[in-house]
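Asker: Sharing target.cif (mmCIF, N, CA and C atoms and all ligand atoms) below.
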```cif
data_run
#
loop_
_atom_site.label_atom_id
_atom_site.label_comp_id
_atom_site.auth_asym_id
_atom_site.auth_seq_id
_atom_site.Cartn_x
_atom_site.Cartn_y
_atom_site.Cartn_z
N MET A 126 3.19 9.52 -15.31
CA MET A 126 4.05 9.08 -14.20
C MET A 126 3.72 7.64 -13.82
N LYS A 127 4.78 6.87 -13.63
CA LYS A 127 4.60 5.48 -13.22
C LYS A 127 4.48 5.41 -11.68
N VAL A 128 3.64 4.50 -11.19
CA VAL A 128 3.47 4.32 -9.74
C VAL A 128 3.51 2.83 -9.42
N LEU A 129 4.33 2.46 -8.46
CA LEU A 129 4.28 1.08 -7.96
C LEU A 129 3.25 1.03 -6.84
N VAL A 130 2.27 0.16 -6.97
CA VAL A 130 1.23 0.01 -5.95
C VAL A 130 1.47 -1.35 -5.28
N LEU A 131 2.09 -1.30 -4.10
CA LEU A 131 2.56 -2.52 -3.45
C LEU A 131 1.62 -2.94 -2.33
N ASN A 132 1.34 -4.22 -2.28
CA ASN A 132 0.40 -4.77 -1.30
C ASN A 132 1.04 -5.94 -0.55
N GLY A 133 0.89 -5.91 0.77
CA GLY A 133 1.54 -6.91 1.61
C GLY A 133 0.69 -8.15 1.85
N PRO A 134 1.08 -8.91 2.88
CA PRO A 134 0.55 -10.24 3.12
C PRO A 134 -0.97 -10.29 3.34
N ASN A 135 -1.54 -11.32 2.77
CA ASN A 135 -2.96 -11.67 2.90
C ASN A 135 -3.89 -10.78 2.08
N LEU A 136 -3.36 -9.73 1.47
CA LEU A 136 -4.23 -8.88 0.64
C LEU A 136 -4.58 -9.58 -0.68
N GLY A 137 -3.78 -10.55 -1.06
CA GLY A 137 -4.08 -11.32 -2.27
C GLY A 137 -5.27 -12.24 -2.06
N ARG A 138 -5.67 -12.44 -0.79
CA ARG A 138 -6.81 -13.31 -0.49
C ARG A 138 -7.92 -12.53 0.21
N LEU A 139 -8.20 -11.35 -0.31
CA LEU A 139 -9.31 -10.55 0.25
C LEU A 139 -10.62 -11.31 0.19
N ASP A 140 -10.72 -12.22 -0.78
CA ASP A 140 -11.94 -13.03 -0.92
C ASP A 140 -12.19 -13.91 0.31
N LEU A 141 -11.11 -14.21 1.05
CA LEU A 141 -11.25 -15.07 2.24
C LEU A 141 -11.29 -14.28 3.54
N ARG A 142 -11.07 -12.97 3.47
CA ARG A 142 -10.97 -12.18 4.70
C ARG A 142 -12.35 -11.65 5.12
N ASP A 143 -12.40 -11.06 6.29
CA ASP A 143 -13.67 -10.61 6.86
C ASP A 143 -14.22 -9.44 6.03
N SER A 144 -15.31 -9.69 5.32
CA SER A 144 -15.82 -8.66 4.41
C SER A 144 -16.43 -7.48 5.18
N SER A 145 -16.74 -7.69 6.48
CA SER A 145 -17.27 -6.54 7.25
C SER A 145 -16.13 -5.55 7.54
N ILE A 146 -14.89 -6.00 7.41
CA ILE A 146 -13.73 -5.11 7.61
C ILE A 146 -13.14 -4.69 6.27
N TYR A 147 -13.01 -5.66 5.35
CA TYR A 147 -12.27 -5.38 4.11
C TYR A 147 -13.15 -5.20 2.88
N GLY A 148 -14.45 -5.36 3.05
CA GLY A 148 -15.35 -5.16 1.91
C GLY A 148 -15.46 -6.40 1.03
N ASP A 149 -16.13 -6.23 -0.08
CA ASP A 149 -16.48 -7.37 -0.94
C ASP A 149 -15.57 -7.51 -2.16
N MET A 150 -14.67 -6.58 -2.37
CA MET A 150 -13.85 -6.62 -3.58
C MET A 150 -12.69 -7.59 -3.39
N ASN A 151 -12.50 -8.50 -4.36
CA ASN A 151 -11.33 -9.37 -4.25
C ASN A 151 -10.09 -8.64 -4.79
N PHE A 152 -8.93 -9.28 -4.68
CA PHE A 152 -7.70 -8.56 -5.04
C PHE A 152 -7.66 -8.22 -6.53
N GLN A 153 -8.18 -9.12 -7.34
CA GLN A 153 -8.23 -8.85 -8.79
C GLN A 153 -9.05 -7.59 -9.06
N GLY A 154 -10.21 -7.51 -8.40
CA GLY A 154 -11.08 -6.34 -8.55
C GLY A 154 -10.38 -5.07 -8.08
N LEU A 155 -9.68 -5.19 -6.94
CA LEU A 155 -8.97 -4.03 -6.39
C LEU A 155 -7.89 -3.56 -7.38
N SER A 156 -7.16 -4.52 -7.94
CA SER A 156 -6.10 -4.18 -8.91
C SER A 156 -6.68 -3.44 -10.11
N GLU A 157 -7.78 -3.97 -10.62
CA GLU A 157 -8.40 -3.35 -11.80
C GLU A 157 -8.90 -1.94 -11.47
N PHE A 158 -9.48 -1.80 -10.27
CA PHE A 158 -9.96 -0.50 -9.81
C PHE A 158 -8.81 0.51 -9.75
N VAL A 159 -7.70 0.08 -9.15
CA VAL A 159 -6.54 0.97 -8.98
C VAL A 159 -5.97 1.37 -10.35
N ILE A 160 -5.86 0.40 -11.25
CA ILE A 160 -5.31 0.69 -12.58
C ILE A 160 -6.21 1.70 -13.31
N ALA A 161 -7.53 1.48 -13.24
CA ALA A 161 -8.47 2.37 -13.93
C ALA A 161 -8.46 3.77 -13.32
N GLU A 162 -8.45 3.84 -11.99
CA GLU A 162 -8.44 5.16 -11.33
C GLU A 162 -7.13 5.89 -11.63
N GLY A 163 -6.04 5.14 -11.63
CA GLY A 163 -4.74 5.74 -11.96
C GLY A 163 -4.74 6.30 -13.37
N LYS A 164 -5.24 5.51 -14.29
CA LYS A 164 -5.27 5.92 -15.70
C LYS A 164 -6.04 7.23 -15.87
N ALA A 165 -7.17 7.33 -15.16
CA ALA A 165 -8.01 8.54 -15.24
C ALA A 165 -7.24 9.77 -14.75
N LEU A 166 -6.23 9.52 -13.89
CA LEU A 166 -5.43 10.64 -13.35
C LEU A 166 -4.12 10.80 -14.11
N GLY A 167 -3.94 10.01 -15.15
CA GLY A 167 -2.71 10.10 -15.94
C GLY A 167 -1.55 9.33 -15.31
N LEU A 168 -1.87 8.37 -14.43
CA LEU A 168 -0.83 7.59 -13.76
C LEU A 168 -0.84 6.15 -14.28
N GLU A 169 0.35 5.61 -14.45
CA GLU A 169 0.46 4.22 -14.91
C GLU A 169 0.78 3.36 -13.70
N CYS A 170 -0.25 2.65 -13.19
CA CYS A 170 -0.09 1.88 -11.95
C CYS A 170 0.34 0.44 -12.22
N ASP A 171 1.42 0.06 -11.57
CA ASP A 171 1.92 -1.32 -11.63
C ASP A 171 1.57 -1.93 -10.27
N VAL A 172 0.50 -2.73 -10.24
CA VAL A 172 -0.02 -3.25 -8.96
C VAL A 172 0.60 -4.62 -8.66
N ARG A 173 1.18 -4.75 -7.48
CA ARG A 173 1.84 -6.00 -7.09
C ARG A 173 1.40 -6.39 -5.68
N GLN A 174 1.44 -7.69 -5.41
CA GLN A 174 1.12 -8.18 -4.06
C GLN A 174 2.09 -9.29 -3.71
N SER A 175 2.53 -9.30 -2.46
CA SER A 175 3.37 -10.40 -2.00
C SER A 175 3.14 -10.66 -0.52
N ASP A 176 3.25 -11.93 -0.16
CA ASP A 176 3.20 -12.30 1.25
C ASP A 176 4.61 -12.30 1.85
N SER A 177 5.60 -12.00 1.00
CA SER A 177 7.01 -12.08 1.42
C SER A 177 7.60 -10.70 1.70
N GLU A 178 8.15 -10.55 2.88
CA GLU A 178 8.80 -9.30 3.27
C GLU A 178 9.97 -9.00 2.31
N VAL A 179 10.72 -10.05 1.97
CA VAL A 179 11.89 -9.89 1.09
C VAL A 179 11.47 -9.31 -0.26
N GLU A 180 10.40 -9.86 -0.82
CA GLU A 180 9.96 -9.40 -2.14
C GLU A 180 9.52 -7.93 -2.09
N ILE A 181 8.82 -7.57 -1.03
CA ILE A 181 8.38 -6.17 -0.90
C ILE A 181 9.60 -5.24 -0.75
N ILE A 182 10.59 -5.68 0.01
CA ILE A 182 11.82 -4.89 0.15
C ILE A 182 12.50 -4.73 -1.22
N ASN A 183 12.57 -5.82 -1.97
CA ASN A 183 13.18 -5.74 -3.32
C ASN A 183 12.44 -4.74 -4.20
N TRP A 184 11.11 -4.73 -4.11
CA TRP A 184 10.33 -3.79 -4.93
C TRP A 184 10.59 -2.35 -4.49
N LEU A 185 10.76 -2.14 -3.18
CA LEU A 185 11.08 -0.78 -2.70
C LEU A 185 12.47 -0.36 -3.17
N HIS A 186 13.41 -1.31 -3.19
CA HIS A 186 14.75 -0.98 -3.74
C HIS A 186 14.63 -0.56 -5.20
N GLU A 187 13.78 -1.28 -5.94
CA GLU A 187 13.56 -0.94 -7.35
C GLU A 187 13.01 0.48 -7.47
N ALA A 188 12.03 0.82 -6.62
CA ALA A 188 11.45 2.17 -6.64
C ALA A 188 12.52 3.22 -6.30
N ALA A 189 13.38 2.89 -5.33
CA ALA A 189 14.45 3.83 -4.94
C ALA A 189 15.44 4.02 -6.08
N GLU A 190 15.84 2.92 -6.71
CA GLU A 190 16.83 2.99 -7.80
C GLU A 190 16.30 3.76 -9.00
N LYS A 191 15.03 3.50 -9.33
CA LYS A 191 14.45 4.09 -10.55
C LYS A 191 13.66 5.35 -10.28
N ASN A 192 13.64 5.78 -9.01
CA ASN A 192 12.91 6.99 -8.61
C ASN A 192 11.43 6.94 -9.01
N ILE A 193 10.79 5.85 -8.63
CA ILE A 193 9.37 5.64 -8.95
C ILE A 193 8.53 5.91 -7.70
N ALA A 194 7.41 6.61 -7.86
CA ALA A 194 6.49 6.87 -6.75
C ALA A 194 5.83 5.56 -6.31
N VAL A 195 5.46 5.53 -5.02
CA VAL A 195 4.93 4.29 -4.43
C VAL A 195 3.65 4.57 -3.65
N VAL A 196 2.66 3.71 -3.85
CA VAL A 196 1.53 3.60 -2.92
C VAL A 196 1.69 2.23 -2.29
N ILE A 197 1.73 2.16 -0.98
CA ILE A 197 1.97 0.87 -0.34
C ILE A 197 0.95 0.59 0.76
N ASN A 198 0.36 -0.60 0.67
CA ASN A 198 -0.41 -1.14 1.79
C ASN A 198 0.44 -2.28 2.36
N PRO A 199 1.19 -1.99 3.41
CA PRO A 199 2.11 -3.02 3.92
C PRO A 199 1.39 -4.12 4.71
N ALA A 200 0.06 -3.98 4.85
CA ALA A 200 -0.75 -4.96 5.60
C ALA A 200 -0.16 -5.15 7.00
N ALA A 201 -0.07 -6.38 7.48
CA ALA A 201 0.41 -6.57 8.87
C ALA A 201 1.85 -6.09 9.06
N PHE A 202 2.65 -6.06 7.99
CA PHE A 202 4.04 -5.56 8.11
C PHE A 202 4.06 -4.10 8.59
N THR A 203 2.97 -3.39 8.34
CA THR A 203 2.84 -2.00 8.81
C THR A 203 3.27 -1.85 10.25
N HIS A 204 2.88 -2.84 11.05
CA HIS A 204 2.94 -2.69 12.49
C HIS A 204 4.28 -3.08 13.11
N TYR A 205 5.13 -3.76 12.31
CA TYR A 205 6.39 -4.22 12.94
C TYR A 205 7.59 -4.36 12.03
N SER A 206 7.45 -4.12 10.72
CA SER A 206 8.61 -4.40 9.87
C SER A 206 9.53 -3.19 9.72
N TYR A 207 10.57 -3.16 10.56
CA TYR A 207 11.56 -2.09 10.44
C TYR A 207 12.33 -2.23 9.13
N ALA A 208 12.42 -3.45 8.61
CA ALA A 208 13.14 -3.66 7.35
C ALA A 208 12.39 -2.99 6.19
N ILE A 209 11.07 -3.10 6.19
CA ILE A 209 10.28 -2.43 5.16
C ILE A 209 10.33 -0.92 5.37
N ARG A 210 10.30 -0.50 6.62
CA ARG A 210 10.43 0.94 6.90
C ARG A 210 11.75 1.49 6.33
N ASP A 211 12.85 0.78 6.60
CA ASP A 211 14.15 1.25 6.13
C ASP A 211 14.21 1.30 4.61
N ALA A 212 13.60 0.30 3.97
CA ALA A 212 13.58 0.29 2.49
C ALA A 212 12.70 1.43 1.97
N ALA A 213 11.58 1.67 2.64
CA ALA A 213 10.68 2.77 2.22
C ALA A 213 11.38 4.12 2.35
N GLU A 214 12.23 4.22 3.37
CA GLU A 214 12.96 5.47 3.61
C GLU A 214 13.91 5.80 2.46
N MET A 215 14.36 4.76 1.74
CA MET A 215 15.29 4.98 0.61
C MET A 215 14.60 5.58 -0.60
N VAL A 216 13.28 5.46 -0.64
CA VAL A 216 12.53 5.95 -1.81
C VAL A 216 12.43 7.46 -1.71
N LYS A 217 13.00 8.16 -2.68
CA LYS A 217 12.97 9.62 -2.63
C LYS A 217 11.77 10.21 -3.38
N ALA A 218 11.18 9.41 -4.27
CA ALA A 218 9.93 9.84 -4.91
C ALA A 218 8.82 9.75 -3.84
N PRO A 219 7.67 10.39 -4.08
CA PRO A 219 6.59 10.33 -3.08
C PRO A 219 6.18 8.89 -2.76
N LEU A 220 5.89 8.66 -1.49
CA LEU A 220 5.45 7.33 -1.04
C LEU A 220 4.28 7.53 -0.08
N ILE A 221 3.16 6.91 -0.40
CA ILE A 221 1.95 7.06 0.41
C ILE A 221 1.52 5.70 0.95
N GLU A 222 1.25 5.68 2.25
CA GLU A 222 0.79 4.45 2.93
C GLU A 222 -0.74 4.42 2.88
N VAL A 223 -1.28 3.27 2.52
CA VAL A 223 -2.74 3.15 2.49
C VAL A 223 -3.21 1.91 3.24
N HIS A 224 -4.44 1.98 3.71
CA HIS A 224 -5.10 0.82 4.34
C HIS A 224 -6.56 0.81 3.92
N LEU A 225 -7.08 -0.39 3.70
CA LEU A 225 -8.50 -0.52 3.38
C LEU A 225 -9.34 -0.16 4.60
N SER A 226 -8.95 -0.74 5.74
CA SER A 226 -9.66 -0.45 6.99
C SER A 226 -8.99 0.74 7.68
N ASN A 227 -9.55 1.13 8.81
CA ASN A 227 -8.91 2.18 9.62
C ASN A 227 -8.22 1.49 10.79
N PRO A 228 -6.91 1.25 10.68
CA PRO A 228 -6.22 0.49 11.74
C PRO A 228 -6.38 1.13 13.11
N LEU A 229 -6.56 2.45 13.16
CA LEU A 229 -6.66 3.14 14.46
C LEU A 229 -7.98 2.85 15.19
N SER A 230 -8.95 2.33 14.46
CA SER A 230 -10.23 2.00 15.10
C SER A 230 -10.31 0.51 15.44
N ARG A 231 -9.17 -0.19 15.25
CA ARG A 231 -9.19 -1.64 15.47
C ARG A 231 -8.32 -2.02 16.68
N GLU A 232 -7.82 -3.26 16.70
CA GLU A 232 -7.05 -3.73 17.86
C GLU A 232 -5.84 -2.83 18.11
N GLU A 233 -5.42 -2.82 19.36
CA GLU A 233 -4.32 -1.94 19.78
C GLU A 233 -3.03 -2.16 18.97
N PHE A 234 -2.74 -3.42 18.63
CA PHE A 234 -1.46 -3.66 17.91
C PHE A 234 -1.45 -2.99 16.54
N ARG A 235 -2.66 -2.67 16.02
CA ARG A 235 -2.72 -2.01 14.71
C ARG A 235 -2.57 -0.49 14.82
N HIS A 236 -2.50 0.02 16.03
CA HIS A 236 -2.42 1.48 16.21
C HIS A 236 -1.03 2.01 15.92
N THR A 237 -0.04 1.11 15.88
CA THR A 237 1.33 1.53 15.56
C THR A 237 1.60 1.26 14.10
N SER A 238 2.10 2.27 13.40
CA SER A 238 2.65 2.06 12.07
C SER A 238 4.11 2.47 12.09
N VAL A 239 4.99 1.54 11.74
CA VAL A 239 6.42 1.89 11.67
C VAL A 239 6.73 2.51 10.30
N ILE A 240 5.74 2.52 9.41
CA ILE A 240 5.94 3.04 8.05
C ILE A 240 5.58 4.53 7.95
N SER A 241 4.56 4.95 8.72
CA SER A 241 4.03 6.32 8.57
C SER A 241 5.11 7.40 8.63
N GLY A 242 6.10 7.19 9.48
CA GLY A 242 7.15 8.21 9.66
C GLY A 242 8.00 8.44 8.44
N VAL A 243 8.00 7.50 7.50
CA VAL A 243 8.80 7.69 6.28
C VAL A 243 7.90 7.83 5.03
N ALA A 244 6.60 7.96 5.27
CA ALA A 244 5.66 8.17 4.16
C ALA A 244 5.32 9.66 4.04
N ASN A 245 4.94 10.08 2.86
CA ASN A 245 4.46 11.46 2.71
C ASN A 245 3.15 11.65 3.44
N GLY A 246 2.36 10.57 3.51
CA GLY A 246 1.09 10.63 4.21
C GLY A 246 0.47 9.25 4.26
N THR A 247 -0.58 9.14 5.07
CA THR A 247 -1.26 7.85 5.26
C THR A 247 -2.75 8.04 5.07
N ILE A 248 -3.37 7.12 4.33
CA ILE A 248 -4.82 7.18 4.12
C ILE A 248 -5.40 5.82 4.46
N GLY A 249 -6.36 5.78 5.36
CA GLY A 249 -6.96 4.50 5.74
C GLY A 249 -8.42 4.66 6.06
N GLY A 250 -9.15 3.58 5.89
CA GLY A 250 -10.53 3.55 6.35
C GLY A 250 -11.57 3.72 5.26
N PHE A 251 -11.13 3.85 4.01
CA PHE A 251 -12.08 4.13 2.94
C PHE A 251 -12.20 3.00 1.92
N GLY A 252 -11.75 1.79 2.30
CA GLY A 252 -11.80 0.67 1.37
C GLY A 252 -10.95 0.99 0.15
N PRO A 253 -11.35 0.53 -1.03
CA PRO A 253 -10.57 0.79 -2.24
C PRO A 253 -10.37 2.29 -2.50
N ASP A 254 -11.29 3.11 -2.00
CA ASP A 254 -11.12 4.56 -2.17
C ASP A 254 -9.86 5.10 -1.47
N SER A 255 -9.34 4.36 -0.47
CA SER A 255 -8.07 4.79 0.14
C SER A 255 -6.98 4.86 -0.94
N TYR A 256 -6.99 3.88 -1.84
CA TYR A 256 -6.00 3.85 -2.93
C TYR A 256 -6.26 5.01 -3.90
N ARG A 257 -7.53 5.23 -4.22
CA ARG A 257 -7.89 6.31 -5.16
C ARG A 257 -7.46 7.66 -4.60
N LEU A 258 -7.70 7.86 -3.29
CA LEU A 258 -7.32 9.14 -2.67
C LEU A 258 -5.80 9.30 -2.67
N ALA A 259 -5.10 8.20 -2.47
CA ALA A 259 -3.62 8.26 -2.51
C ALA A 259 -3.14 8.64 -3.91
N LEU A 260 -3.80 8.09 -4.92
CA LEU A 260 -3.40 8.41 -6.30
C LEU A 260 -3.68 9.87 -6.63
N ILE A 261 -4.81 10.39 -6.12
CA ILE A 261 -5.11 11.82 -6.32
C ILE A 261 -4.01 12.66 -5.68
N ALA A 262 -3.63 12.29 -4.45
CA ALA A 262 -2.57 13.04 -3.75
C ALA A 262 -1.26 12.97 -4.55
N LEU A 263 -0.94 11.78 -5.05
CA LEU A 263 0.31 11.63 -5.82
C LEU A 263 0.30 12.49 -7.07
N ALA A 264 -0.85 12.47 -7.74
CA ALA A 264 -0.96 13.23 -8.99
C ALA A 264 -0.77 14.72 -8.73
N ASN A 265 -1.08 15.13 -7.49
CA ASN A 265 -0.96 16.57 -7.15
C ASN A 265 0.40 16.95 -6.58
N ILE A 266 1.19 15.94 -6.22
CA ILE A 266 2.52 16.24 -5.67
C ILE A 266 3.49 16.46 -6.83
N LYS A 267 4.17 17.55 -6.76
CA LYS A 267 5.16 17.80 -7.81
C LYS A 267 6.46 17.13 -7.39
N ASN A 268 7.02 16.34 -8.28
CA ASN A 268 8.29 15.66 -7.99
C ASN A 268 9.44 16.63 -7.89
C1 LIG B 301 -4.59 -3.45 6.46
C2 LIG B 301 -4.66 -3.26 7.98
C3 LIG B 301 -3.64 -4.13 8.68
O1 LIG B 301 -3.73 -3.95 10.10
C4 LIG B 301 -3.90 -5.59 8.38
O2 LIG B 301 -2.89 -6.40 8.96
C5 LIG B 301 -4.03 -5.88 6.93
C6 LIG B 301 -4.70 -4.92 6.06
C7 LIG B 301 -5.71 -2.70 5.73
O3 LIG B 301 -5.59 -2.54 4.52
O4 LIG B 301 -6.70 -2.31 6.34
O5 LIG B 301 -3.69 -6.96 6.46
O6 LIG B 301 -3.34 -2.94 6.02
#
```
Represent the structure from my file as structure tokens, please.
Ligand code: DQA
Answerer:
Amino acid sequence: MKVLVLNGPNLGRLDLRDSSIYGDMNFQGLSEFVIAEGKALGLECDVRQSDSEVEIINWLHEAAEKNIAVVINPAAFTHYSYAIRDAAEMVKAPLIEVHLSNPLSREEFRHTSVISGVANGTIGGFGPDSYRLALIALANIKN
């Protein structure tokens, strides 16, 4: 099964972000980790990152059209992008929201996710393992 693993703004520069929150893995390392973990589960992960809301929406349209499962870390868009939420809602294959950190243990503005309501589930707080746990869940969901 193919999986689109979509990552939102600033995740491409994990090397510059607060490592006490996001850990020490840069985005290249995270991508390689996700691809390897996916492969071990029989999943073919296509890992993408964009700082552009438009590009992420286009990728969700692609997932909707081709019926591809999605793991998405919408990053800051999580908290306010109704456009990404609406695009995520179009995806009929499983869609799982992930976060490296636990947004609920951070600033108040991160406590709202406009995406969770259209996701099969949300996993946060486990660093790169959040992605691995999402892939395990996907592998167990029957389409
Ligand atoms: C994040 C959490 C968001 O609140 C934040 O804006 C991010 C990353 C995470 O993976 O922990 O950029 O989605």
Asker: Let me have all residues with an atom within 10 Å of ligand LIG 301 (chain B), counting only C-alpha atoms and all ligand atoms, laid out as number ranges by chain.
Answerer: A: 132-139, 142, 146-147, 197-204, 222-229, 231-238, 248-253, 255-256
Asker: Pick the closest to A:Lys217 from A:Ile240, A:Glu190, A:Gln153, A:Gln174: which is it, counting all atoms listed in the file?
Answerer: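 Using all atoms listed in the file, the shortest distance to A:Lys217 belongs to A:Glu190.
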Asker: Rounded to one decimal in Å, what is the spacing between atom CA of A:Arg173 and atom CA of A:Leu155?
Answerer: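 Atom-to-atom, atom CA of A:Arg173 and atom CA of A:Leu155 are spaced 11.0 Å apart.
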Asker: Considering only C-alpha atoms, can you say which of A:Ala213, A:Ile160, A:Leu258, A:Ala244 comes closest to A:Val130?
Answerer: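 Under the stated criterion, the closest residue is A:Ile160.
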Asker: If I take atom N of A:Ile221 and atom CA of A:Ser175, how far is one from the other in Å, to one decimal?
Answerer: 17.4 Å
Asker: Atom CA of A:Glu187 to atom CA of A:Ala208: how many Å, to one decimal?
Answerer: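 These atoms are spaced 15.0 Å apart.
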Asker: If you run DSSP on the backbone here, which positions in stretch 149-212 of chain A get strand (DSSP E)? Please write them as a list in words.
Answerer: Glu169, Cys170, Asp171, Val172, Arg173, Gln174, Ala194, Val195, Val196, Ile197 and Asn198 of chain A
Asker: Could you check the closest approach to A:Asp176 for each of A:Val216, A:Val159, A:Ala194, A:Leu131 and tell me which residue wins, using only C-alpha atoms?
Answerer: A:Leu131
Asker: Check the smallest atom-to-atom distance from each of A:Ala212, A:Lys164, A:Ile182, A:Leu220 to A:Val196 using only C-alpha atoms, then report the winner.
Answerer: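 Under the stated criterion, the closest residue is A:Leu220.
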Asker: Using all atoms listed in the file for the distances, tell me which of A:His186, A:Lys127, A:Arg210, A:Arg257 is nearest to A:Phe158.
Answerer: A:Arg257
Asker: Find the axis-aligned box for stretch 158-169 of chain A, covering all its listed atoms and adding 8 Å on each side, and write its centre and edge lengths in Å to one decimal as lines of an AutoDock Vina configuration file.
Answerer:
```
center_x = -4.6
center_y = 4.5
center_z = -12.5
size_x = 26.7
size_y = 28.6
size_z = 23.0
```
Asker: Name the closest residue to A:Trp184 among the candidates A:Ile261, A:Val243, A:Cys170, A:Leu129; distances are taken between atoms, counting all atoms listed in the file.
Answerer: A:Leu129
Asker: Would you please give, as JSON, numbers by chain, all residues of stretch 144-267 of chain A that DSSP assigns to alpha helix (DSSP H) based on the backbone?
Answerer: {"A": [144, 145, 146, 147, 152, 153, 154, 155, 156, 157, 158, 159, 160, 161, 162, 163, 164, 165, 178, 179, 180, 181, 182, 183, 184, 185, 186, 187, 188, 189, 190, 191, 207, 208, 209, 210, 211, 212, 213, 214, 215, 254, 255, 256, 257, 258, 259, 260, 261, 262, 263, 264, 265]}
Asker: Output as a short mmCIF file (atom, residue, chain, number, x, y, z; two decimals), in the frame of the given file: stretch 176-187 of chain A, completed with N, CA, C and O atoms.
Answerer:
```
data_model
loop_
_atom_site.label_atom_id
_atom_site.label_comp_id
_atom_site.auth_asym_id
_atom_site.auth_seq_id
_atom_site.Cartn_x
_atom_site.Cartn_y
_atom_site.Cartn_z
N ASP A 176 3.25 -11.93 -0.16
CA ASP A 176 3.20 -12.30 1.25
C ASP A 176 4.61 -12.30 1.85
O ASP A 176 4.78 -12.56 3.04
N SER A 177 5.60 -12.00 1.00
CA SER A 177 7.01 -12.08 1.42
C SER A 177 7.60 -10.70 1.70
O SER A 177 7.60 -9.81 0.84
N GLU A 178 8.15 -10.55 2.88
CA GLU A 178 8.80 -9.30 3.27
C GLU A 178 9.97 -9.00 2.31
O GLU A 178 10.16 -7.86 1.89
N VAL A 179 10.72 -10.05 1.97
CA VAL A 179 11.89 -9.89 1.09
C VAL A 179 11.47 -9.31 -0.26
O VAL A 179 12.10 -8.39 -0.79
N GLU A 180 10.40 -9.86 -0.82
CA GLU A 180 9.96 -9.40 -2.14
C GLU A 180 9.52 -7.93 -2.09
O GLU A 180 9.84 -7.15 -2.98
N ILE A 181 8.82 -7.57 -1.03
CA ILE A 181 8.38 -6.17 -0.90
C ILE A 181 9.60 -5.24 -0.75
O ILE A 181 9.65 -4.17 -1.36
N ILE A 182 10.59 -5.68 0.01
CA ILE A 182 11.82 -4.89 0.15
C ILE A 182 12.50 -4.73 -1.22
O ILE A 182 12.93 -3.63 -1.59
N ASN A 183 12.57 -5.82 -1.97
CA ASN A 183 13.18 -5.74 -3.32
C ASN A 183 12.44 -4.74 -4.20
O ASN A 183 13.06 -3.99 -4.96
N TRP A 184 11.11 -4.73 -4.11
CA TRP A 184 10.33 -3.79 -4.93
C TRP A 184 10.59 -2.35 -4.49
O TRP A 184 10.63 -1.44 -5.32
N LEU A 185 10.76 -2.14 -3.18
CA LEU A 185 11.08 -0.78 -2.70
C LEU A 185 12.47 -0.36 -3.17
O LEU A 185 12.69 0.81 -3.51
N HIS A 186 13.41 -1.31 -3.19
CA HIS A 186 14.75 -0.98 -3.74
C HIS A 186 14.63 -0.56 -5.20
O HIS A 186 15.29 0.38 -5.64
N GLU A 187 13.78 -1.28 -5.94
CA GLU A 187 13.56 -0.94 -7.35
C GLU A 187 13.01 0.48 -7.47
O GLU A 187 13.48 1.27 -8.31
#
```
